[in-house]
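Please read the structure below before turning to the comments.
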Amino acid sequence: MRITINQIREMKEKGEKITMLTAYDYSTAKIIDEVGIPLILVGDSLGMVVLGYETTIPVTMEDMLHHTKAVVRGTKTTMIVGDMPFMTYHVSVEDAMRNAARFIQEAGAQAIKLEGGVTVAEKVRRVVECGIPVMGHIGLTPQSVHQLGGHRVQGRSPEAALRIMEDAQALEEAGVFAIVLESVPAPLAALITEKVGVPTIGIASGAGCDGQVQIVNDILGSFTDFVPRHAKQYARLADTIRDAVSQYYDEVRAGTFPTKKHSFSMDESILAKLKTG
Ligand code: KIV
């Protein structure tokens, strides 16, 4: 049985911290599920850390569905949240409903996430009315990177802080089960967390949120283009992978891999026949 949105809501009520990690593939998702982390976000950060784009903007529905299916196959109890890509919910309510449904119906996710507050509230409400749990995402919304002038902290001015608070309230009223707060000053994130009834899940927004989300490649140290200030590297997989790949390269060239242990034998008489025949 997978974690439900009710259990996520109860965690806020009980003051239990909520953990979410991104994942994009079967093997990584399987490990996260085995550890017991309740939420996996198949984020459109896929575009940057897996597909090598500079932003999340080029990511398509087909990219997201392909990776969400793999993550779903690797997990048993974790709740899977599929991230709606750029322009798949902006044009119309119908688009938002149709594309949200694809995550649930085709990919097997249990919820979707989309970026924006007041401006997407009506779409959120209609998607929730279809029976699809929605996670909001406000503060730094990477799909608007060009409008925001870069990946920068949001909500530092009084007007901007008020707008983010209003976004959170609009999302709660529209029926989201949780809200991601990205790159919001820690005191503002803590205040929003106090004011809204749904769990807040922070990234680069301090410890006052109800939960935390990180990009799995950042905490594993496998993405080397840059290390965001908010990310803590719990491993340095890029170094581990580099060492292993170098050793393999050296051994193949030296003829020391494969050995007998990595090879298969066959009946000598069959081989002899082949040689003479
Ligand atoms: O795409 C993603 O990974 C995200 C997280 C940063 C929350 O939206």
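In the structure tokens, the first chain shown is A, the next is B, and so on; residue numbers restart at 1 for each chain, and ligands run from 1 in the order shown.
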
TODO: Would you return as a PyMOL selection string the members of segment 54-177 of chain A that DSSP assigns to alpha helix (DSSP H) on this structure's backbone?
DONE: chain A and resi 61-73+93-105+121-129+145-148+158-174

- [ ] Please identify every polymer residue within 7 Å of ligand 1, using only C-alpha atoms and all ligand atoms, and present the set as a list in words.
- [x] Thr22, Leu41, Val42, Gly43, Asp44, Ser45, Leu46, Asp83, Val180, Glu182, Ile203, Val213, Gln214 and Ile215 of chain A

Can you write out the residues you just picked, keeping all heavy atoms, as a short mmCIF file (atom, residue, chain, number, x, y, z; two decimals), in the first residue's frame?
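selection00.cif, freshly written:
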```cif
data_model
loop_
_atom_site.label_atom_id
_atom_site.label_comp_id
_atom_site.auth_asym_id
_atom_site.auth_seq_id
_atom_site.Cartn_x
_atom_site.Cartn_y
_atom_site.Cartn_z
N THR A 22 13.89 13.75 -5.22
CA THR A 22 13.56 13.49 -6.61
C THR A 22 14.15 12.14 -7.02
O THR A 22 15.09 11.65 -6.40
CB THR A 22 14.14 14.57 -7.56
OG1 THR A 22 15.55 14.46 -7.58
CG2 THR A 22 13.71 15.97 -7.16
N LEU A 41 9.49 12.86 -5.90
CA LEU A 41 9.07 13.77 -6.96
C LEU A 41 9.85 13.41 -8.22
O LEU A 41 11.09 13.43 -8.21
CB LEU A 41 9.40 15.22 -6.55
CG LEU A 41 9.22 16.26 -7.66
CD1 LEU A 41 7.75 16.41 -8.04
CD2 LEU A 41 9.80 17.61 -7.23
N VAL A 42 9.12 13.05 -9.26
CA VAL A 42 9.79 12.93 -10.56
C VAL A 42 9.78 14.35 -11.12
O VAL A 42 8.83 14.78 -11.76
CB VAL A 42 9.08 11.93 -11.49
CG1 VAL A 42 9.92 11.70 -12.75
CG2 VAL A 42 8.82 10.62 -10.77
N GLY A 43 10.83 15.09 -10.76
CA GLY A 43 10.86 16.53 -11.06
C GLY A 43 11.27 16.79 -12.51
O GLY A 43 11.98 15.99 -13.12
N ASP A 44 10.85 17.97 -12.99
CA ASP A 44 11.31 18.32 -14.33
C ASP A 44 12.77 18.80 -14.28
O ASP A 44 13.36 19.12 -15.31
CB ASP A 44 10.38 19.34 -15.01
CG ASP A 44 10.31 20.67 -14.31
OD1 ASP A 44 10.90 20.81 -13.22
OD2 ASP A 44 9.66 21.60 -14.85
N SER A 45 13.36 18.81 -13.07
CA SER A 45 14.82 18.97 -12.95
C SER A 45 15.51 17.85 -13.73
O SER A 45 16.71 17.94 -14.03
CB SER A 45 15.24 18.93 -11.47
OG SER A 45 14.62 17.84 -10.81
N LEU A 46 14.77 16.81 -14.05
CA LEU A 46 15.19 15.78 -15.01
C LEU A 46 15.92 16.42 -16.20
O LEU A 46 16.95 15.92 -16.66
CB LEU A 46 13.93 15.07 -15.52
CG LEU A 46 14.05 14.22 -16.78
CD1 LEU A 46 14.59 12.86 -16.43
CD2 LEU A 46 12.71 14.07 -17.48
N ASP A 83 5.83 15.75 -12.08
CA ASP A 83 5.95 17.21 -12.25
C ASP A 83 5.46 17.62 -13.63
O ASP A 83 5.98 17.14 -14.65
CB ASP A 83 7.44 17.56 -12.09
CG ASP A 83 7.67 18.96 -11.58
OD1 ASP A 83 6.69 19.65 -11.28
OD2 ASP A 83 8.85 19.34 -11.46
N VAL A 180 5.39 23.10 -2.27
CA VAL A 180 6.86 23.26 -2.28
C VAL A 180 7.17 24.75 -2.21
O VAL A 180 6.60 25.55 -2.96
CB VAL A 180 7.48 22.65 -3.56
CG1 VAL A 180 8.94 23.05 -3.72
CG2 VAL A 180 7.34 21.13 -3.55
N GLU A 182 10.30 27.08 -2.76
CA GLU A 182 11.67 27.03 -3.27
C GLU A 182 12.34 28.40 -3.16
O GLU A 182 11.77 29.41 -3.62
CB GLU A 182 11.69 26.53 -4.73
CG GLU A 182 13.12 26.50 -5.28
CD GLU A 182 13.28 25.71 -6.57
OE1 GLU A 182 12.32 25.10 -7.05
OE2 GLU A 182 14.43 25.72 -7.08
N ILE A 203 12.79 23.77 -0.22
CA ILE A 203 14.10 23.55 -0.82
C ILE A 203 14.74 24.93 -0.84
O ILE A 203 14.13 25.90 -1.33
CB ILE A 203 14.02 22.88 -2.22
CG1 ILE A 203 15.42 22.77 -2.84
CG2 ILE A 203 13.04 23.54 -3.18
CD1 ILE A 203 15.52 21.79 -4.01
N VAL A 213 12.74 18.89 0.46
CA VAL A 213 12.95 18.14 -0.78
C VAL A 213 14.33 18.52 -1.31
O VAL A 213 14.76 19.67 -1.17
CB VAL A 213 11.85 18.41 -1.84
CG1 VAL A 213 11.69 19.88 -2.17
CG2 VAL A 213 12.12 17.62 -3.13
N GLN A 214 15.01 17.54 -1.87
CA GLN A 214 16.30 17.78 -2.51
C GLN A 214 16.33 17.01 -3.82
O GLN A 214 15.61 16.02 -4.00
CB GLN A 214 17.45 17.31 -1.61
CG GLN A 214 17.71 18.23 -0.43
CD GLN A 214 18.43 19.53 -0.81
OE1 GLN A 214 19.49 19.51 -1.42
NE2 GLN A 214 17.84 20.65 -0.45
N ILE A 215 17.19 17.48 -4.71
CA ILE A 215 17.40 16.77 -5.96
C ILE A 215 18.41 15.65 -5.67
O ILE A 215 19.48 15.91 -5.12
CB ILE A 215 17.89 17.76 -7.03
CG1 ILE A 215 16.72 18.66 -7.39
CG2 ILE A 215 18.45 17.04 -8.25
CD1 ILE A 215 16.99 19.78 -8.30
#
```

Open item on the list: So, with only C-alpha atoms as the atoms that count, which of A:Val198, A:Ile3, A:Val128, A:Met20 lies closest to Gly211 of chain A?
Closed with: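 Answer, going by the shortest atom-to-atom distance: A:Met20.
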
TODO: Give me, please, the distance in Å between atom CA of Phe103 of chain A and atom CA of Thr200 of chain A, quoted to one decimal.
DONE: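 Result for atom CA of Phe103 of chain A versus atom CA of Thr200 of chain A: 22.3 Å, one decimal.
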
TODO: Name all residues at most 10 Å from Lys195 of chain A (count only C-alpha atoms; drop same-chain ones fewer than 4 positions away) and give them as an NGL selection string.
DONE: :A and (165 or 168-169 or 189-191)

Output N, CA and C atoms of each residue in that selection to a file, as a tab-separated table (two decimals), in the first residue's frame.
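Ended up saving to part06.tsv:
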```tsv
chain	number	residue	atom	x	y	z
A	165	MET	N	3.01	34.83	0.10
A	165	MET	CA	2.02	34.43	1.13
A	165	MET	C	0.65	34.25	0.48
A	168	ALA	N	0.46	31.07	-1.50
A	168	ALA	CA	0.30	29.87	-0.64
A	168	ALA	C	-1.17	29.74	-0.23
A	169	GLN	N	-1.78	30.86	0.16
A	169	GLN	CA	-3.17	30.80	0.61
A	169	GLN	C	-4.12	30.43	-0.54
A	189	ALA	N	9.42	31.48	4.91
A	189	ALA	CA	8.96	30.09	4.74
A	189	ALA	C	8.34	29.59	6.06
A	190	ALA	N	8.97	29.95	7.18
A	190	ALA	CA	8.46	29.49	8.49
A	190	ALA	C	7.08	30.12	8.77
A	191	LEU	N	6.94	31.40	8.39
A	191	LEU	CA	5.66	32.09	8.61
A	191	LEU	C	4.55	31.47	7.74
```

Task: Non-local contacts of Val145 of chain A (12 Å; only C-alpha atoms; under 2 positions in same chain excluded) as a VMD selection string - done: chain A and resid 54 to 57 86 115 139 to 143 147 to 154

Mind writing the picked residues with N, CA, C and O atoms as a compact mmCIF listing (two decimals), in the first residue's frame?
```txt
# COMPACT_ATOMS: atom_id res chain seq x y z
N GLU A 54 20.02 23.27 -20.08
CA GLU A 54 20.43 24.34 -19.14
C GLU A 54 19.32 24.73 -18.18
O GLU A 54 19.56 25.28 -17.11
N THR A 55 18.08 24.51 -18.60
CA THR A 55 16.92 24.83 -17.76
C THR A 55 15.93 23.66 -17.84
O THR A 55 16.14 22.70 -18.59
N THR A 56 14.81 23.82 -17.12
CA THR A 56 13.79 22.77 -17.16
C THR A 56 12.82 22.98 -18.33
O THR A 56 11.95 22.15 -18.58
N ILE A 57 12.97 24.08 -19.02
CA ILE A 57 11.98 24.49 -20.03
C ILE A 57 11.81 23.50 -21.21
O ILE A 57 10.68 23.27 -21.64
N PHE A 86 6.71 22.58 -18.40
CA PHE A 86 6.40 23.93 -18.91
C PHE A 86 5.36 23.87 -20.03
O PHE A 86 5.47 23.06 -20.96
N GLU A 115 3.76 24.50 -11.01
CA GLU A 115 4.35 25.74 -10.48
C GLU A 115 3.36 26.90 -10.57
O GLU A 115 2.63 27.02 -11.56
N GLY A 139 7.46 30.49 -4.87
CA GLY A 139 8.79 31.05 -4.57
C GLY A 139 9.54 31.09 -5.88
O GLY A 139 9.04 31.63 -6.88
N LEU A 140 10.71 30.48 -5.90
CA LEU A 140 11.43 30.34 -7.18
C LEU A 140 10.77 29.22 -7.97
O LEU A 140 10.75 28.06 -7.54
N THR A 141 10.21 29.59 -9.10
CA THR A 141 9.56 28.60 -9.97
C THR A 141 10.41 28.50 -11.24
O THR A 141 10.36 29.39 -12.10
N PRO A 142 11.22 27.44 -11.34
CA PRO A 142 12.25 27.40 -12.38
C PRO A 142 11.71 27.48 -13.82
O PRO A 142 12.45 27.90 -14.71
N GLN A 143 10.44 27.12 -14.04
CA GLN A 143 9.91 27.24 -15.40
C GLN A 143 9.77 28.71 -15.82
O GLN A 143 9.64 29.03 -16.99
N GLN A 147 11.67 35.00 -16.81
CA GLN A 147 10.85 36.08 -16.26
C GLN A 147 11.43 36.57 -14.93
O GLN A 147 11.43 37.76 -14.63
N LEU A 148 11.96 35.63 -14.16
CA LEU A 148 12.49 35.98 -12.83
C LEU A 148 13.91 36.55 -12.90
O LEU A 148 14.43 37.06 -11.91
N GLY A 149 14.53 36.42 -14.08
CA GLY A 149 15.89 36.94 -14.24
C GLY A 149 16.95 36.04 -13.62
O GLY A 149 18.00 36.52 -13.19
N GLY A 150 16.69 34.75 -13.55
CA GLY A 150 17.69 33.80 -13.05
C GLY A 150 17.15 32.99 -11.89
O GLY A 150 16.03 33.24 -11.40
N HIS A 151 17.96 32.03 -11.44
CA HIS A 151 17.56 31.19 -10.30
C HIS A 151 17.94 31.93 -9.01
O HIS A 151 19.01 31.68 -8.44
N ARG A 152 17.11 32.86 -8.59
CA ARG A 152 17.46 33.67 -7.43
C ARG A 152 16.40 33.60 -6.33
O ARG A 152 15.24 33.24 -6.59
N VAL A 153 16.84 33.95 -5.12
CA VAL A 153 15.93 33.91 -3.96
C VAL A 153 14.74 34.86 -4.20
O VAL A 153 14.93 35.96 -4.72
N GLN A 154 13.55 34.41 -3.84
CA GLN A 154 12.32 35.18 -4.06
C GLN A 154 11.74 35.63 -2.71
O GLN A 154 11.94 34.96 -1.70
```

- [ ] Identify, on the basis of only C-alpha atoms, every residue whose closest approach to Thr119 of chain A does not exceed 12 Å; exclude the query and any residue fewer than 3 positions from it along the same chain; express the result as a PyMOL selection string.
- [x] chain A and resi 89-93+114-116+122-125+136-138+163-164+166-168+170-171+174

Selection file, C-alpha atoms, as a PDB file, in the first residue's frame:
```pdb
ATOM      1  CA  TYR A  89      -1.011  23.477 -17.838  1.00  0.00           C
ATOM      2  CA  HIS A  90      -0.694  27.150 -18.774  1.00  0.00           C
ATOM      3  CA  VAL A  91      -2.908  27.491 -21.849  1.00  0.00           C
ATOM      4  CA  SER A  92      -6.206  26.150 -20.533  1.00  0.00           C
ATOM      5  CA  VAL A  93      -7.933  24.333 -17.701  1.00  0.00           C
ATOM      6  CA  LEU A 114       2.715  22.337 -10.866  1.00  0.00           C
ATOM      7  CA  GLU A 115       4.352  25.736 -10.479  1.00  0.00           C
ATOM      8  CA  GLY A 116       2.567  28.980  -9.579  1.00  0.00           C
ATOM      9  CA  GLU A 122      -8.351  27.780 -10.829  1.00  0.00           C
ATOM     10  CA  LYS A 123      -6.510  25.035 -12.728  1.00  0.00           C
ATOM     11  CA  VAL A 124      -5.466  23.423  -9.447  1.00  0.00           C
ATOM     12  CA  ARG A 125      -9.072  23.458  -8.245  1.00  0.00           C
ATOM     13  CA  GLY A 136       1.835  23.387  -5.408  1.00  0.00           C
ATOM     14  CA  HIS A 137       5.218  25.016  -5.999  1.00  0.00           C
ATOM     15  CA  ILE A 138       5.883  28.699  -5.273  1.00  0.00           C
ATOM     16  CA  ARG A 163       2.676  37.859  -3.012  1.00  0.00           C
ATOM     17  CA  ILE A 164       4.211  34.536  -1.978  1.00  0.00           C
ATOM     18  CA  GLU A 166      -1.050  35.096  -1.056  1.00  0.00           C
ATOM     19  CA  ASP A 167       0.095  32.393  -3.485  1.00  0.00           C
ATOM     20  CA  ALA A 168       0.300  29.875  -0.640  1.00  0.00           C
ATOM     21  CA  ALA A 170      -4.658  30.645  -2.912  1.00  0.00           C
ATOM     22  CA  LEU A 171      -3.179  27.160  -3.397  1.00  0.00           C
ATOM     23  CA  ALA A 174      -7.760  25.579  -4.355  1.00  0.00           C
TER      24      ALA A 174
END
```

- [ ] Report as a PyMOL selection string: the residues of segment 19-78 of chain A with a DSSP assignment of strand (DSSP E), based on the backbone of this structure.
- [x] chain A and resi 19-22+39-42

Task: Near-Pro187 of chain A list (10 Å; only C-alpha atoms; drop same-chain fewer than 4 positions) as number ranges by chain - done: A: 191-193, 205-209

Mind dumping the selected residues with C-alpha atoms as a tab-separated table (two decimals), in the first residue's frame?
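The resulting file, out.tsv, is shown below:
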```tsv
chain	number	residue	atom	x	y	z
A	191	LEU	CA	5.66	32.09	8.61
A	192	ILE	CA	3.88	30.56	5.59
A	193	THR	CA	4.23	27.14	7.24
A	205	SER	CA	13.94	27.71	2.31
A	206	GLY	CA	15.32	26.81	5.74
A	207	ALA	CA	14.39	24.40	8.50
A	208	GLY	CA	11.03	25.95	9.41
A	209	CYS	CA	9.10	24.10	6.69
```

Give me the residues within 12 Å of segment 63-68 of chain A as a compact mmCIF listing (two decimals) with N, CA and C atoms, in the first residue's frame, counting only C-alpha atoms and dropping any in the same chain fewer than 5 places off.
```
# COMPACT_ATOMS: atom_id res chain seq x y z
N THR A 22 13.89 13.75 -5.22
CA THR A 22 13.56 13.49 -6.61
C THR A 22 14.15 12.14 -7.02
N ALA A 23 13.58 11.55 -8.05
CA ALA A 23 14.17 10.37 -8.70
C ALA A 23 13.66 10.36 -10.13
N TYR A 24 14.45 9.73 -10.99
CA TYR A 24 14.10 9.75 -12.41
C TYR A 24 14.21 8.36 -13.04
N ASP A 25 14.71 7.38 -12.25
CA ASP A 25 14.94 6.05 -12.83
C ASP A 25 14.57 4.96 -11.83
N TYR A 26 14.42 3.75 -12.36
CA TYR A 26 14.00 2.57 -11.59
C TYR A 26 14.92 2.27 -10.40
N SER A 27 16.24 2.18 -10.67
CA SER A 27 17.18 1.72 -9.63
C SER A 27 17.25 2.69 -8.46
N THR A 28 17.32 3.96 -8.74
CA THR A 28 17.41 4.95 -7.66
C THR A 28 16.10 4.99 -6.87
N ALA A 29 14.98 4.96 -7.60
CA ALA A 29 13.68 5.00 -6.93
C ALA A 29 13.53 3.81 -5.99
N ILE A 40 8.37 10.67 -3.47
CA ILE A 40 9.34 10.88 -4.56
C ILE A 40 8.71 11.84 -5.54
N LEU A 41 9.49 12.86 -5.90
CA LEU A 41 9.07 13.77 -6.96
C LEU A 41 9.85 13.41 -8.22
N VAL A 42 9.12 13.05 -9.26
CA VAL A 42 9.79 12.93 -10.56
C VAL A 42 9.78 14.35 -11.12
N GLY A 43 10.83 15.09 -10.76
CA GLY A 43 10.86 16.53 -11.06
C GLY A 43 11.27 16.79 -12.51
N ASP A 44 10.85 17.97 -12.99
CA ASP A 44 11.31 18.32 -14.33
C ASP A 44 12.77 18.80 -14.28
N SER A 45 13.36 18.81 -13.07
CA SER A 45 14.82 18.97 -12.95
C SER A 45 15.51 17.85 -13.73
N LEU A 46 14.77 16.81 -14.05
CA LEU A 46 15.19 15.78 -15.01
C LEU A 46 15.92 16.42 -16.20
N GLY A 47 15.36 17.53 -16.68
CA GLY A 47 15.91 18.20 -17.86
C GLY A 47 17.36 18.60 -17.65
N VAL A 50 19.56 15.00 -15.75
CA VAL A 50 19.59 13.73 -16.50
C VAL A 50 19.75 13.98 -18.00
N LEU A 51 19.02 14.98 -18.52
CA LEU A 51 19.02 15.18 -19.97
C LEU A 51 20.01 16.24 -20.45
N THR A 56 14.81 23.82 -17.12
CA THR A 56 13.79 22.77 -17.16
C THR A 56 12.82 22.98 -18.33
N ILE A 57 12.97 24.08 -19.02
CA ILE A 57 11.98 24.49 -20.03
C ILE A 57 11.81 23.50 -21.21
N PRO A 58 12.87 22.89 -21.72
CA PRO A 58 12.66 21.99 -22.86
C PRO A 58 11.98 20.65 -22.53
N ARG A 73 7.65 1.80 -11.38
CA ARG A 73 8.00 0.37 -11.40
C ARG A 73 8.99 0.00 -10.29
N GLY A 74 9.80 0.97 -9.86
CA GLY A 74 10.81 0.69 -8.84
C GLY A 74 10.31 0.83 -7.42
N THR A 75 9.08 1.21 -7.23
CA THR A 75 8.62 1.55 -5.87
C THR A 75 7.34 0.80 -5.47
N MET A 79 4.93 7.49 -2.27
CA MET A 79 3.96 8.18 -3.12
C MET A 79 4.72 8.91 -4.22
N ILE A 80 4.28 8.72 -5.45
CA ILE A 80 5.00 9.30 -6.60
C ILE A 80 4.26 10.54 -7.11
N VAL A 81 5.00 11.64 -7.14
CA VAL A 81 4.44 12.91 -7.62
C VAL A 81 5.11 13.23 -8.97
N GLY A 82 4.29 13.38 -9.99
CA GLY A 82 4.81 13.70 -11.33
C GLY A 82 4.76 15.22 -11.54
N ASP A 83 5.83 15.75 -12.08
CA ASP A 83 5.95 17.21 -12.25
C ASP A 83 5.46 17.62 -13.63
N MET A 84 4.48 18.51 -13.68
CA MET A 84 3.92 18.95 -14.96
C MET A 84 4.93 19.87 -15.66
N PRO A 85 5.34 19.53 -16.88
CA PRO A 85 6.34 20.38 -17.55
C PRO A 85 5.78 21.72 -18.04
N PHE A 86 6.71 22.58 -18.40
CA PHE A 86 6.40 23.93 -18.91
C PHE A 86 5.36 23.87 -20.03
N THR A 88 2.35 22.81 -20.13
CA THR A 88 1.40 21.70 -20.22
C THR A 88 0.16 21.98 -19.38
N ASN A 99 -3.45 16.72 -19.11
CA ASN A 99 -2.05 16.33 -18.88
C ASN A 99 -1.84 15.78 -17.47
N ALA A 100 -2.55 16.34 -16.50
CA ALA A 100 -2.47 15.79 -15.13
C ALA A 100 -2.95 14.34 -15.14
N ALA A 101 -4.04 14.10 -15.86
CA ALA A 101 -4.60 12.74 -15.91
C ALA A 101 -3.62 11.76 -16.52
N ARG A 102 -2.81 12.20 -17.47
CA ARG A 102 -1.85 11.28 -18.10
C ARG A 102 -0.84 10.76 -17.07
N PHE A 103 -0.43 11.62 -16.13
CA PHE A 103 0.52 11.16 -15.10
C PHE A 103 -0.09 10.03 -14.27
N ILE A 104 -1.40 10.15 -13.99
CA ILE A 104 -2.05 9.18 -13.12
C ILE A 104 -2.41 7.92 -13.91
N GLN A 105 -3.00 8.14 -15.08
CA GLN A 105 -3.56 7.03 -15.84
C GLN A 105 -2.49 6.26 -16.61
N GLU A 106 -1.59 6.97 -17.27
CA GLU A 106 -0.58 6.29 -18.11
C GLU A 106 0.68 5.91 -17.32
N ALA A 107 1.11 6.84 -16.44
CA ALA A 107 2.41 6.61 -15.78
C ALA A 107 2.28 5.96 -14.41
N GLY A 108 1.08 6.02 -13.81
CA GLY A 108 0.88 5.36 -12.50
C GLY A 108 1.28 6.21 -11.31
N ALA A 109 1.47 7.54 -11.52
CA ALA A 109 1.76 8.42 -10.37
C ALA A 109 0.51 8.55 -9.51
N GLN A 110 0.72 9.02 -8.26
CA GLN A 110 -0.45 9.21 -7.38
C GLN A 110 -0.83 10.69 -7.26
N ALA A 111 0.05 11.58 -7.72
CA ALA A 111 -0.22 13.02 -7.60
C ALA A 111 0.60 13.76 -8.64
N ILE A 112 0.26 15.02 -8.83
CA ILE A 112 1.06 15.85 -9.74
C ILE A 112 1.48 17.12 -9.00
N LYS A 113 2.53 17.76 -9.55
CA LYS A 113 2.95 19.06 -9.01
C LYS A 113 2.95 20.06 -10.16
```

Task: Length of the atom CA of Ile18 of chain A to atom CA of Met97 of chain A vector [Å] - done: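 So the two atoms, atom CA of Ile18 of chain A and atom CA of Met97 of chain A, lie 27.1 Å apart.
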
Open item on the list: Given only C-alpha atoms as the basis, pick out the residue of A:Gln247, A:Thr276, A:Asp218, A:Leu237 nearest to Met48 of chain A.
Closed with: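 Of all the options, A:Asp218 lies closest to Met48 of chain A.
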
- [ ] Tell me which of A:Arg229, A:Glu34, A:Tyr53, A:Val118 sits closest to Leu162 of chain A, counting only C-alpha atoms.
- [x] A:Val118
